[in-house]
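Pasted below: model.tsv, TSV, C-alpha atoms.
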chain	number	residue	atom	x	y	z
P	1	MET	CA	0.95	10.52	-57.84
P	2	GLN	CA	-1.62	13.27	-58.51
P	3	ALA	CA	-5.11	13.02	-57.04
P	4	LEU	CA	-8.10	12.43	-59.31
P	5	ASP	CA	-10.36	15.43	-58.74
P	6	PRO	CA	-13.99	14.25	-58.28
P	7	ASP	CA	-15.21	17.26	-60.31
P	8	LEU	CA	-13.10	16.13	-63.27
P	9	LEU	CA	-14.33	12.56	-62.91
P	10	LYS	CA	-17.94	13.76	-62.78
P	11	THR	CA	-17.48	15.64	-66.05
P	12	PHE	CA	-15.71	12.64	-67.59
P	13	LEU	CA	-18.65	10.37	-66.72
P	14	ALA	CA	-21.10	12.98	-68.02
P	15	PHE	CA	-19.31	12.64	-71.37
P	16	VAL	CA	-19.41	8.83	-71.16
P	17	ASP	CA	-23.11	8.75	-70.29
P	18	GLY	CA	-24.17	11.55	-72.63
P	19	GLY	CA	-22.09	10.52	-75.64
P	20	SER	CA	-20.68	13.95	-76.48
P	21	LEU	CA	-18.90	16.93	-74.96
P	22	ALA	CA	-21.97	19.08	-75.70
P	23	HIS	CA	-24.21	16.77	-73.65
P	24	ALA	CA	-21.58	16.65	-70.91
P	25	ALA	CA	-21.50	20.45	-70.80
P	26	SER	CA	-25.29	20.60	-70.44
P	27	SER	CA	-25.26	17.92	-67.74
P	28	VAL	CA	-22.63	19.56	-65.51
P	29	GLY	CA	-23.70	23.15	-66.19
P	30	ARG	CA	-20.48	24.30	-67.87
P	31	SER	CA	-19.60	25.64	-71.30
P	32	PRO	CA	-18.24	23.20	-73.94
P	33	SER	CA	-14.85	24.95	-73.81
P	34	ALA	CA	-14.73	24.52	-70.01
P	35	VAL	CA	-15.56	20.82	-70.36
P	36	THR	CA	-12.81	20.43	-72.98
P	37	ALA	CA	-10.36	22.09	-70.60
P	38	GLN	CA	-11.42	19.75	-67.80
P	39	MET	CA	-10.85	16.71	-70.01
P	40	GLN	CA	-7.41	17.99	-70.98
P	41	ARG	CA	-6.57	18.49	-67.30
P	42	LEU	CA	-7.72	14.93	-66.49
P	43	GLU	CA	-5.56	13.58	-69.32
P	44	GLU	CA	-2.57	15.46	-67.87
P	45	ILE	CA	-3.17	13.87	-64.46
P	46	VAL	CA	-3.63	10.36	-65.90
P	47	GLY	CA	-0.70	10.79	-68.27
P	48	GLU	CA	-2.51	9.30	-71.27
P	49	PRO	CA	-5.14	10.40	-73.79
P	50	LEU	CA	-8.67	9.50	-72.66
P	51	LEU	CA	-10.64	10.71	-75.70
P	52	VAL	CA	-10.03	10.05	-79.39
P	53	ALA	CA	-11.60	11.47	-82.55
P	54	GLN	CA	-14.40	9.18	-83.75
P	55	GLY	CA	-16.34	10.29	-86.81
P	56	ARG	CA	-17.72	13.75	-86.08
P	57	GLY	CA	-17.42	13.29	-82.34
P	58	ARG	CA	-15.12	11.64	-79.84
P	59	GLY	CA	-14.88	8.21	-78.26
P	60	LEU	CA	-12.87	6.62	-75.48
P	61	THR	CA	-9.31	5.37	-75.78
P	62	PRO	CA	-8.41	2.09	-73.99
P	63	ALA	CA	-7.19	4.19	-71.06
P	64	GLY	CA	-10.50	6.06	-71.06
P	65	GLU	CA	-12.46	2.81	-70.99
P	66	ASP	CA	-10.34	1.61	-68.06
P	67	LEU	CA	-11.00	4.83	-66.17
P	68	VAL	CA	-14.82	4.54	-66.38
P	69	GLY	CA	-15.16	1.83	-63.71
P	70	HIS	CA	-12.62	3.48	-61.41
P	71	ALA	CA	-14.37	6.85	-61.76
P	72	ARG	CA	-17.77	5.39	-60.84
P	73	ARG	CA	-16.34	3.68	-57.75
P	74	ILE	CA	-14.45	6.79	-56.63
P	75	LEU	CA	-17.53	9.01	-56.96
P	76	ALA	CA	-19.71	6.41	-55.21
P	77	VAL	CA	-17.35	6.33	-52.20
P	78	HIS	CA	-17.05	10.13	-52.27
P	79	SER	CA	-20.85	10.48	-52.26
P	80	GLU	CA	-21.24	7.93	-49.46
P	81	ALA	CA	-18.70	9.72	-47.24
P	82	TRP	CA	-20.22	13.14	-47.97
P	83	LEU	CA	-23.72	11.92	-47.13
P	84	ALA	CA	-22.63	10.21	-43.93
P	85	LEU	CA	-20.89	13.32	-42.63
P	86	LYS	CA	-23.67	15.71	-43.67
P	87	GLY	CA	-26.61	13.61	-42.55
P	88	ALA	CA	-25.63	12.18	-39.17
P	89	ARG	CA	-27.29	14.99	-37.19
P	90	ALA	CA	-29.86	16.18	-39.71
P	91	ALA	CA	-33.53	15.94	-38.78
P	92	GLY	CA	-36.90	17.05	-40.15
P	93	ARG	CA	-38.66	15.99	-43.32
P	94	VAL	CA	-38.21	16.15	-47.08
P	95	ALA	CA	-41.24	16.19	-49.40
P	96	ILE	CA	-40.09	14.96	-52.80
P	97	GLY	CA	-42.09	14.74	-56.01
P	98	THR	CA	-41.18	12.55	-58.97
P	99	THR	CA	-42.63	11.23	-62.19
P	100	GLN	CA	-43.40	7.51	-62.31
P	101	ASP	CA	-40.38	6.88	-64.57
P	102	PHE	CA	-37.98	7.61	-61.73
P	103	ALA	CA	-40.15	6.08	-59.01
P	104	ASP	CA	-39.70	2.78	-60.87
P	105	SER	CA	-36.07	3.20	-61.92
P	106	GLY	CA	-33.17	4.74	-60.04
P	107	LEU	CA	-34.93	6.59	-57.23
P	108	PRO	CA	-35.59	3.68	-54.79
P	109	GLU	CA	-31.88	2.85	-54.48
P	110	LEU	CA	-30.95	6.49	-53.90
P	111	LEU	CA	-33.70	7.03	-51.33
P	112	ARG	CA	-32.38	3.98	-49.50
P	113	ALA	CA	-28.87	5.49	-49.44
P	114	PHE	CA	-30.30	8.80	-48.21
P	115	ALA	CA	-32.35	7.12	-45.46
P	116	THR	CA	-29.24	5.23	-44.29
P	117	SER	CA	-27.17	8.41	-44.02
P	118	HIS	CA	-30.03	10.61	-42.73
P	119	PRO	CA	-31.85	8.26	-40.31
P	120	ARG	CA	-33.75	11.05	-38.53
P	121	VAL	CA	-35.20	12.62	-41.68
P	122	ARG	CA	-38.75	11.65	-42.70
P	123	ILE	CA	-39.31	11.27	-46.43
P	124	GLU	CA	-42.67	12.11	-48.00
P	125	LEU	CA	-42.97	10.91	-51.59
P	126	ARG	CA	-45.43	12.15	-54.21
P	127	VAL	CA	-45.67	10.58	-57.68
P	128	GLY	CA	-47.33	12.54	-60.45
P	129	ARG	CA	-47.03	14.29	-63.82
P	130	SER	CA	-44.36	16.93	-64.43
P	131	ALA	CA	-46.79	19.85	-64.76
P	132	GLU	CA	-48.56	18.90	-61.52
P	133	LEU	CA	-45.27	18.46	-59.63
P	134	GLY	CA	-43.92	21.78	-60.89
P	135	GLU	CA	-47.03	23.56	-59.63
P	136	ALA	CA	-46.79	21.80	-56.24
P	137	LEU	CA	-43.15	22.89	-55.96
P	138	ARG	CA	-44.06	26.52	-56.69
P	139	ALA	CA	-46.90	26.33	-54.13
P	140	GLY	CA	-44.50	25.16	-51.42
P	141	GLN	CA	-46.06	21.70	-51.14
P	142	LEU	CA	-42.80	20.04	-52.19
P	143	ASP	CA	-39.18	20.66	-51.20
P	144	LEU	CA	-37.75	18.92	-54.23
P	145	ALA	CA	-39.02	17.64	-57.59
P	146	ILE	CA	-37.74	15.54	-60.48
P	147	ILE	CA	-39.56	16.62	-63.64
P	148	MET	CA	-39.30	16.65	-67.41
P	149	ARG	CA	-37.85	20.01	-68.41
P	150	LYS	CA	-39.59	22.28	-70.92
P	151	VAL	CA	-37.82	25.55	-70.15
P	152	PRO	CA	-34.95	26.51	-67.79
P	153	ALA	CA	-35.73	27.61	-64.24
P	154	ASN	CA	-33.54	29.34	-61.65
P	155	VAL	CA	-34.41	26.71	-59.02
P	156	GLU	CA	-32.68	23.89	-60.95
P	157	VAL	CA	-29.85	22.17	-59.09
P	158	GLY	CA	-29.42	19.22	-61.47
P	159	LEU	CA	-29.96	18.57	-65.15
P	160	PHE	CA	-29.46	15.42	-67.20
P	161	SER	CA	-30.52	14.05	-70.57
P	162	GLU	CA	-31.76	10.67	-71.77
P	163	PRO	CA	-32.57	9.65	-75.35
P	164	MET	CA	-36.22	9.19	-76.23
P	165	LEU	CA	-36.89	5.73	-77.71
P	166	TRP	CA	-39.70	4.18	-79.71
P	167	LEU	CA	-40.79	1.17	-77.65
P	168	CYS	CA	-43.08	-1.79	-78.27
P	169	SER	CA	-43.91	-5.25	-76.93
P	170	GLN	CA	-41.12	-7.80	-77.14
P	171	LYS	CA	-43.60	-9.91	-79.13
P	172	GLY	CA	-44.19	-7.05	-81.57
P	173	LEU	CA	-47.43	-5.41	-82.60
P	174	ALA	CA	-50.49	-7.64	-82.48
P	175	VAL	CA	-51.70	-6.28	-85.84
P	176	ARG	CA	-49.62	-4.68	-88.59
P	177	GLU	CA	-51.39	-1.85	-90.37
P	178	GLU	CA	-50.67	1.16	-92.55
P	179	GLU	CA	-51.41	3.66	-89.80
P	180	LEU	CA	-48.95	3.42	-86.93
P	181	PRO	CA	-50.87	2.61	-83.70
P	182	LEU	CA	-49.75	4.75	-80.76
P	183	ALA	CA	-50.19	4.44	-77.01
P	184	LEU	CA	-49.69	7.81	-75.31
P	185	LEU	CA	-50.38	9.49	-72.01
P	186	ASP	CA	-53.21	12.01	-71.90
P	187	PRO	CA	-52.23	15.69	-72.46
P	188	TYR	CA	-50.15	17.42	-71.34
P	189	CYS	CA	-47.18	15.06	-71.80
P	190	GLY	CA	-43.78	15.98	-73.26
P	191	PHE	CA	-43.33	12.51	-74.77
P	192	ARG	CA	-46.76	12.73	-76.43
P	193	GLU	CA	-45.90	16.09	-78.00
P	194	ALA	CA	-42.49	14.82	-79.20
P	195	ALA	CA	-43.98	11.66	-80.74
P	196	LEU	CA	-46.70	13.48	-82.65
P	197	ALA	CA	-44.32	16.24	-83.81
P	198	ALA	CA	-41.79	13.69	-85.12
P	199	LEU	CA	-44.42	11.68	-87.00
P	200	ASP	CA	-46.06	14.80	-88.45
P	201	ALA	CA	-42.68	16.12	-89.62
P	202	ALA	CA	-41.91	12.78	-91.30
P	203	GLY	CA	-45.35	12.62	-92.92
P	204	ARG	CA	-45.99	9.28	-91.23
P	205	ARG	CA	-49.62	8.23	-90.79
P	206	TYR	CA	-50.66	7.21	-87.30
P	207	ARG	CA	-53.65	6.76	-85.06
P	208	LEU	CA	-54.10	6.95	-81.29
P	209	ALA	CA	-54.86	3.33	-80.48
P	210	ALA	CA	-54.64	3.65	-76.68
P	211	GLY	CA	-54.63	6.49	-74.18
P	212	SER	CA	-53.98	6.49	-70.46
P	213	ALA	CA	-53.62	8.86	-67.53
P	214	SER	CA	-50.92	6.67	-65.98
P	215	LEU	CA	-47.77	4.79	-66.96
P	216	ALA	CA	-49.33	1.57	-65.65
P	217	GLY	CA	-52.10	1.84	-68.25
P	218	LEU	CA	-49.58	2.75	-70.93
P	219	ARG	CA	-47.45	-0.30	-70.06
P	220	THR	CA	-50.48	-2.59	-70.31
P	221	ALA	CA	-51.37	-1.28	-73.77
P	222	VAL	CA	-47.81	-1.61	-75.07
P	223	ASN	CA	-47.28	-5.07	-73.57
P	224	ALA	CA	-50.51	-6.24	-75.21
P	225	GLY	CA	-49.12	-5.26	-78.62
P	226	ILE	CA	-51.98	-2.83	-79.16
P	227	ALA	CA	-49.58	-0.01	-79.96
P	228	LEU	CA	-46.08	1.35	-79.52
P	229	THR	CA	-45.07	4.37	-77.47
P	230	LEU	CA	-42.29	6.91	-76.94
P	231	ARG	CA	-40.42	6.98	-73.62
P	232	THR	CA	-36.83	6.52	-72.40
P	233	ALA	CA	-34.89	3.34	-71.57
P	234	ARG	CA	-36.38	3.48	-68.04
P	235	PHE	CA	-39.65	2.19	-69.54
P	236	ALA	CA	-37.95	-0.64	-71.45
P	237	HIS	CA	-38.33	-3.62	-69.13
P	238	SER	CA	-40.84	-6.36	-68.27
P	239	GLY	CA	-41.51	-7.31	-71.90
P	240	ILE	CA	-41.05	-3.87	-73.48
P	241	VAL	CA	-38.14	-3.33	-75.89
P	242	GLU	CA	-36.92	-0.81	-78.44
P	243	ALA	CA	-39.01	-0.94	-81.63
P	244	PRO	CA	-37.34	-2.67	-84.62
P	245	ARG	CA	-35.74	-0.52	-87.29
P	246	GLU	CA	-37.88	-2.15	-89.96
P	247	LEU	CA	-40.79	0.03	-88.77
P	248	GLY	CA	-38.93	3.04	-90.17
P	249	LEU	CA	-39.75	5.30	-87.25
P	250	PRO	CA	-38.54	8.91	-87.39
P	251	PRO	CA	-35.75	10.29	-85.17
P	252	VAL	CA	-36.85	11.89	-81.91
P	253	PRO	CA	-35.18	14.43	-79.58
P	254	ILE	CA	-33.29	13.98	-76.34
P	255	ALA	CA	-35.43	14.24	-73.20
P	256	GLN	CA	-34.16	16.65	-70.55
P	257	PHE	CA	-34.95	16.19	-66.87
P	258	ALA	CA	-34.42	18.69	-64.08
P	259	ILE	CA	-34.01	18.37	-60.34
P	260	ARG	CA	-35.54	21.47	-58.77
P	261	LEU	CA	-35.49	22.78	-55.21
P	262	GLY	CA	-38.34	24.70	-53.63
P	263	GLN	CA	-37.90	28.17	-52.17
P	264	GLY	CA	-36.36	27.99	-48.72
P	265	ALA	CA	-35.52	24.28	-48.92
P	266	GLU	CA	-33.60	23.19	-45.83
P	267	ARG	CA	-30.38	21.24	-45.62
P	268	PRO	CA	-31.81	17.69	-45.82
P	269	ALA	CA	-33.60	18.58	-49.06
P	270	ARG	CA	-30.41	20.12	-50.44
P	271	ASP	CA	-28.46	17.01	-49.45
P	272	LEU	CA	-30.95	14.78	-51.25
P	273	ALA	CA	-30.90	17.05	-54.31
P	274	THR	CA	-27.10	16.73	-54.48
P	275	LEU	CA	-27.31	12.94	-54.20
P	276	LEU	CA	-29.88	12.77	-57.00
P	277	SER	CA	-27.97	15.19	-59.24
P	278	ASP	CA	-24.83	13.09	-58.94
P	279	ASN	CA	-26.38	9.65	-59.35
P	280	LEU	CA	-29.84	9.63	-60.93
P	281	ALA	CA	-28.84	9.62	-64.61
P	282	LEU	CA	-28.77	6.14	-66.15
P	283	PRO	CA	-25.17	5.11	-66.97
P	284	GLY	CA	-24.27	4.13	-70.48
P	285	LEU	CA	-26.96	6.10	-72.34
P	286	THR	CA	-25.95	8.08	-75.39
P	287	GLY	CA	-27.88	10.51	-77.48
Structure encoded using structure tokens:
Amino acid sequence: MQALDPDLLKTFLAFVDGGSLAHAASSVGRSPSAVTAQMQRLEEIVGEPLLVAQGRGRGLTPAGEDLVGHARRILAVHSEAWLALKGARAAGRVAIGTTQDFADSGLPELLRAFATSHPRVRIELRVGRSAELGEALRAGQLDLAIIMRKVPANVEVGLFSEPMLWLCSQKGLAVREEELPLALLDPYCGFREAALAALDAAGRRYRLAAGSASLAGLRTAVNAGIALTLRTARFAHSGIVEAPRELGLPPVPIAQFAIRLGQGAERPARDLATLLSDNLALPGLTG
């Protein structure tokens, strides 16, 4: 029996979660040809095809679908063992910055795992906007930051993508009108720019019905049915759902998020960055 290489499983799950080999390549930081070679190697080890042609892309074979659950469990145990061995004697502090999206979804569970494996490390958490967090990282105020990515940076240690979605109240819009009512964060916001660019390109009329400096304010406006907004699936809970197709909303791009380390980050920060890079992406999302 041949061992299942965790690196191959990580790339396999990047394909599953990203929906294409191109997205998998971006997620794991390899070329598409290298990702293809990795998938071929994994198929050789398993002894069965894992991917099958599906339209213009590829989907999972029955063997591939069976492997998904096993791969997640193997990588979870691998990550747990790695953290336990690395963190037992580590001490100090880690100052981490994140946008509210991740503070609400995904990050709490991972911080709990990190605190369990690194009991002597103090965690300082800062929640803010991507531009603000990027500046704090450059100024040395943060060891680590999770931000929406505009351009590549040499301090990136993790990169993952999530589809942008048009979202509205589960009860729908309170008032239907010709101009599409929008609820958006104040500038600068990557989702705001993407929403306006998509609507302008489609020639769709809209108006800014609600603005906010925080996601809490944005959630209130959307839940009230005042307007719809553009975020990722992390925002779609507590009464907020994907907008119905009947609204005829234009397609929007994939959002890219980066995990970045500050200059001179010490081992605990690097350990946490590795944990986040391996586990922060939402499973099952395709773009």
Contact residues around Pro62 of chain P with all atoms listed in the file at 10 Å, ignoring same-chain residues under 2 positions, as a list in words: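 Near neighbours after the sequence-gap exclusion: Glu48, Pro49, Leu50, Leu51, Val52, Gly59, Leu60, Gly64, Glu65, Asp66 and Leu67 of chain P.
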For segment 175-190 of chain P, work out the shell of residues within 6 Å, counting all atoms listed in the file and skipping chain neighbours fewer than 5 positions away, then give it as a ChimeraX atom specification. /P:205-213,227-229
Using all atoms listed in the file, the best pick from P:Ile45, P:Ala224, P:Leu196, P:Leu167 as closest to Glu242 of chain P would be P:Leu167
| Any idea what the distance is between atom CA of Leu125 of chain P and atom CA of Pro253 of chain P? |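 The value is 29.3 Å.
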At most 10 Å is the cut-off: for each residue in segment 53-108 of chain P with any atom that close to an atom of segment 126-129 of chain P, write down the nearest atom pair and the distance in Å rounded to one decimal, counting all atoms listed in the file, chain first then increasing number, as a tab-separated table.
residue	atom	partner	partner_atom	distance
P:Ala95	CA	P:Arg126	CA	7.6
P:Ile96	CA	P:Arg126	CA	6.2
P:Gly97	CA	P:Arg126	CA	4.6
P:Thr98	CA	P:Val127	CA	5.1
P:Thr99	CA	P:Gly128	CA	5.2
P:Gln100	CA	P:Val127	CA	6.0
P:Asp101	CA	P:Val127	CA	9.4
P:Phe102	CA	P:Val127	CA	9.2
P:Ala103	CA	P:Val127	CA	7.2
Quiz item: Near Ser238 of chain P, within 10 Å and counting all atoms listed in the file, which residues show up once chain neighbours fewer than 2 positions away are dropped, as a list in words?
Solution: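 Counting all atoms listed in the file, the residues come to Ser169, Gln170, Arg219, Asn223, Phe235, Ala236, Ile240 and Val241 of chain P.
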Once you count only C-alpha atoms, what closest atom pair and distance in Å to one decimal does each residue of segment 47-106 of chain P within 8 Å of segment 5-16 of chain P have, with rows by chain and rising residue number, as CSV?
residue,atom,partner,partner_atom,distance
P:Val68,CA,P:Leu13,CA,7.0
P:Ala71,CA,P:Leu9,CA,5.8
P:Arg72,CA,P:Leu13,CA,7.8
P:Ile74,CA,P:Pro6,CA,7.7
P:Leu75,CA,P:Pro6,CA,6.5
P:His78,CA,P:Pro6,CA,7.9
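Closest approach to Ser130 of chain P from the set P:Ile146, P:Leu110, P:Ala115, P:Ser79 is made by P:Ile146, with distances taken over all atoms listed in the file.
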Please build the interface table for segment 100-142 of chain P against segment 259-278 of chain P with a cut-off of 10 Å, listing for each qualifying residue the nearest atom pair and the distance in Å to one decimal; count only C-alpha atoms, order rows by chain and increasing number, and write it as a Markdown table.
| residue | atom | partner | partner_atom | distance |
| --- | --- | --- | --- | --- |
| P:Gly106 | CA | P:Leu276 | CA | 9.2 |
| P:Leu107 | CA | P:Leu276 | CA | 8.0 |
| P:Leu110 | CA | P:Leu276 | CA | 7.1 |
| P:Leu111 | CA | P:Leu272 | CA | 8.2 |
| P:Ala113 | CA | P:Leu275 | CA | 9.0 |
| P:Phe114 | CA | P:Leu272 | CA | 6.7 |
| P:Ala115 | CA | P:Leu272 | CA | 9.7 |
| P:His118 | CA | P:Pro268 | CA | 7.9 |
| P:Val121 | CA | P:Pro268 | CA | 7.4 |
| P:Arg122 | CA | P:Pro268 | CA | 9.7 |
| P:Ile123 | CA | P:Ala269 | CA | 9.6 |
| P:Gly134 | CA | P:Arg260 | CA | 8.6 |
| P:Ala136 | CA | P:Gly262 | CA | 9.3 |
| P:Leu137 | CA | P:Gly262 | CA | 5.6 |
| P:Arg138 | CA | P:Gly262 | CA | 6.7 |
| P:Ala139 | CA | P:Gly262 | CA | 8.7 |
| P:Gly140 | CA | P:Gly262 | CA | 6.6 |
| P:Gln141 | CA | P:Gly262 | CA | 8.6 |
| P:Leu142 | CA | P:Gly262 | CA | 6.6 |
So which residues touch Gly57 of chain P within 12 Å, counting only C-alpha atoms, skipping near sequence neighbours fewer than 6 positions away, as a PyMOL selection string? chain P and resi 15+18-23+51+287
Could those selected residues go to a file with C-alpha atoms, as a CSV table (one decimal), keeping the file's coordinate frame?
chain,number,residue,atom,x,y,z
P,15,PHE,CA,-19.3,12.6,-71.4
P,18,GLY,CA,-24.2,11.6,-72.6
P,19,GLY,CA,-22.1,10.5,-75.6
P,20,SER,CA,-20.7,14.0,-76.5
P,21,LEU,CA,-18.9,16.9,-75.0
P,22,ALA,CA,-22.0,19.1,-75.7
P,23,HIS,CA,-24.2,16.8,-73.6
P,51,LEU,CA,-10.6,10.7,-75.7
P,287,GLY,CA,-27.9,10.5,-77.5
In terms of all atoms listed in the file, the residue from P:Arg204, P:Arg120, P:Arg231, P:Arg149 at minimal distance from Pro250 of chain P is P:Arg204
Between atom CA of Pro163 of chain P and atom CA of Ala194 of chain P, what is the distance, to one decimal in Å?
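Result for atom CA of Pro163 of chain P versus atom CA of Ala194 of chain P: 11.8 Å, one decimal.
The space separating atom CA of Leu230 of chain P from atom CA of Gly158 of chain P comes to 23.6 Å.
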Find the smallest box with edges along x, y and z containing every listed atom of segment 202-207 of chain P, then add 8 Å on each side and report centre and edge lengths in Å to one decimal, as AutoDock Vina command-line options.
--center_x -47.8 --center_y 9.8 --center_z -89.0 --size_x 27.7 --size_y 22.0 --size_z 23.9
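Of the listed residues P:Leu159, P:Ala25, P:Leu199, P:Ala145, the one whose atoms come nearest to Val94 of chain P is P:Ala145, with distances taken using all atoms listed in the file.
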- Task: Go through P:Glu124, P:Glu80, P:Glu43, P:Glu132 one by one, measure the shortest atom-to-atom distance of each to Asn279 of chain P using all atoms listed in the file, and give the residue with the smallest value.
- Result: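 Going through P:Glu124, P:Glu80, P:Glu43, P:Glu132 one by one, the smallest distance to Asn279 of chain P is for P:Glu80.
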* Asked: With all atoms listed in the file as the basis for distance, which of P:Ala53, P:Ala63, P:Ala255, P:Ala201 is at the shortest distance from Phe160 of chain P?
  ->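 Smallest separation from Phe160 of chain P among the options: P:Ala255.
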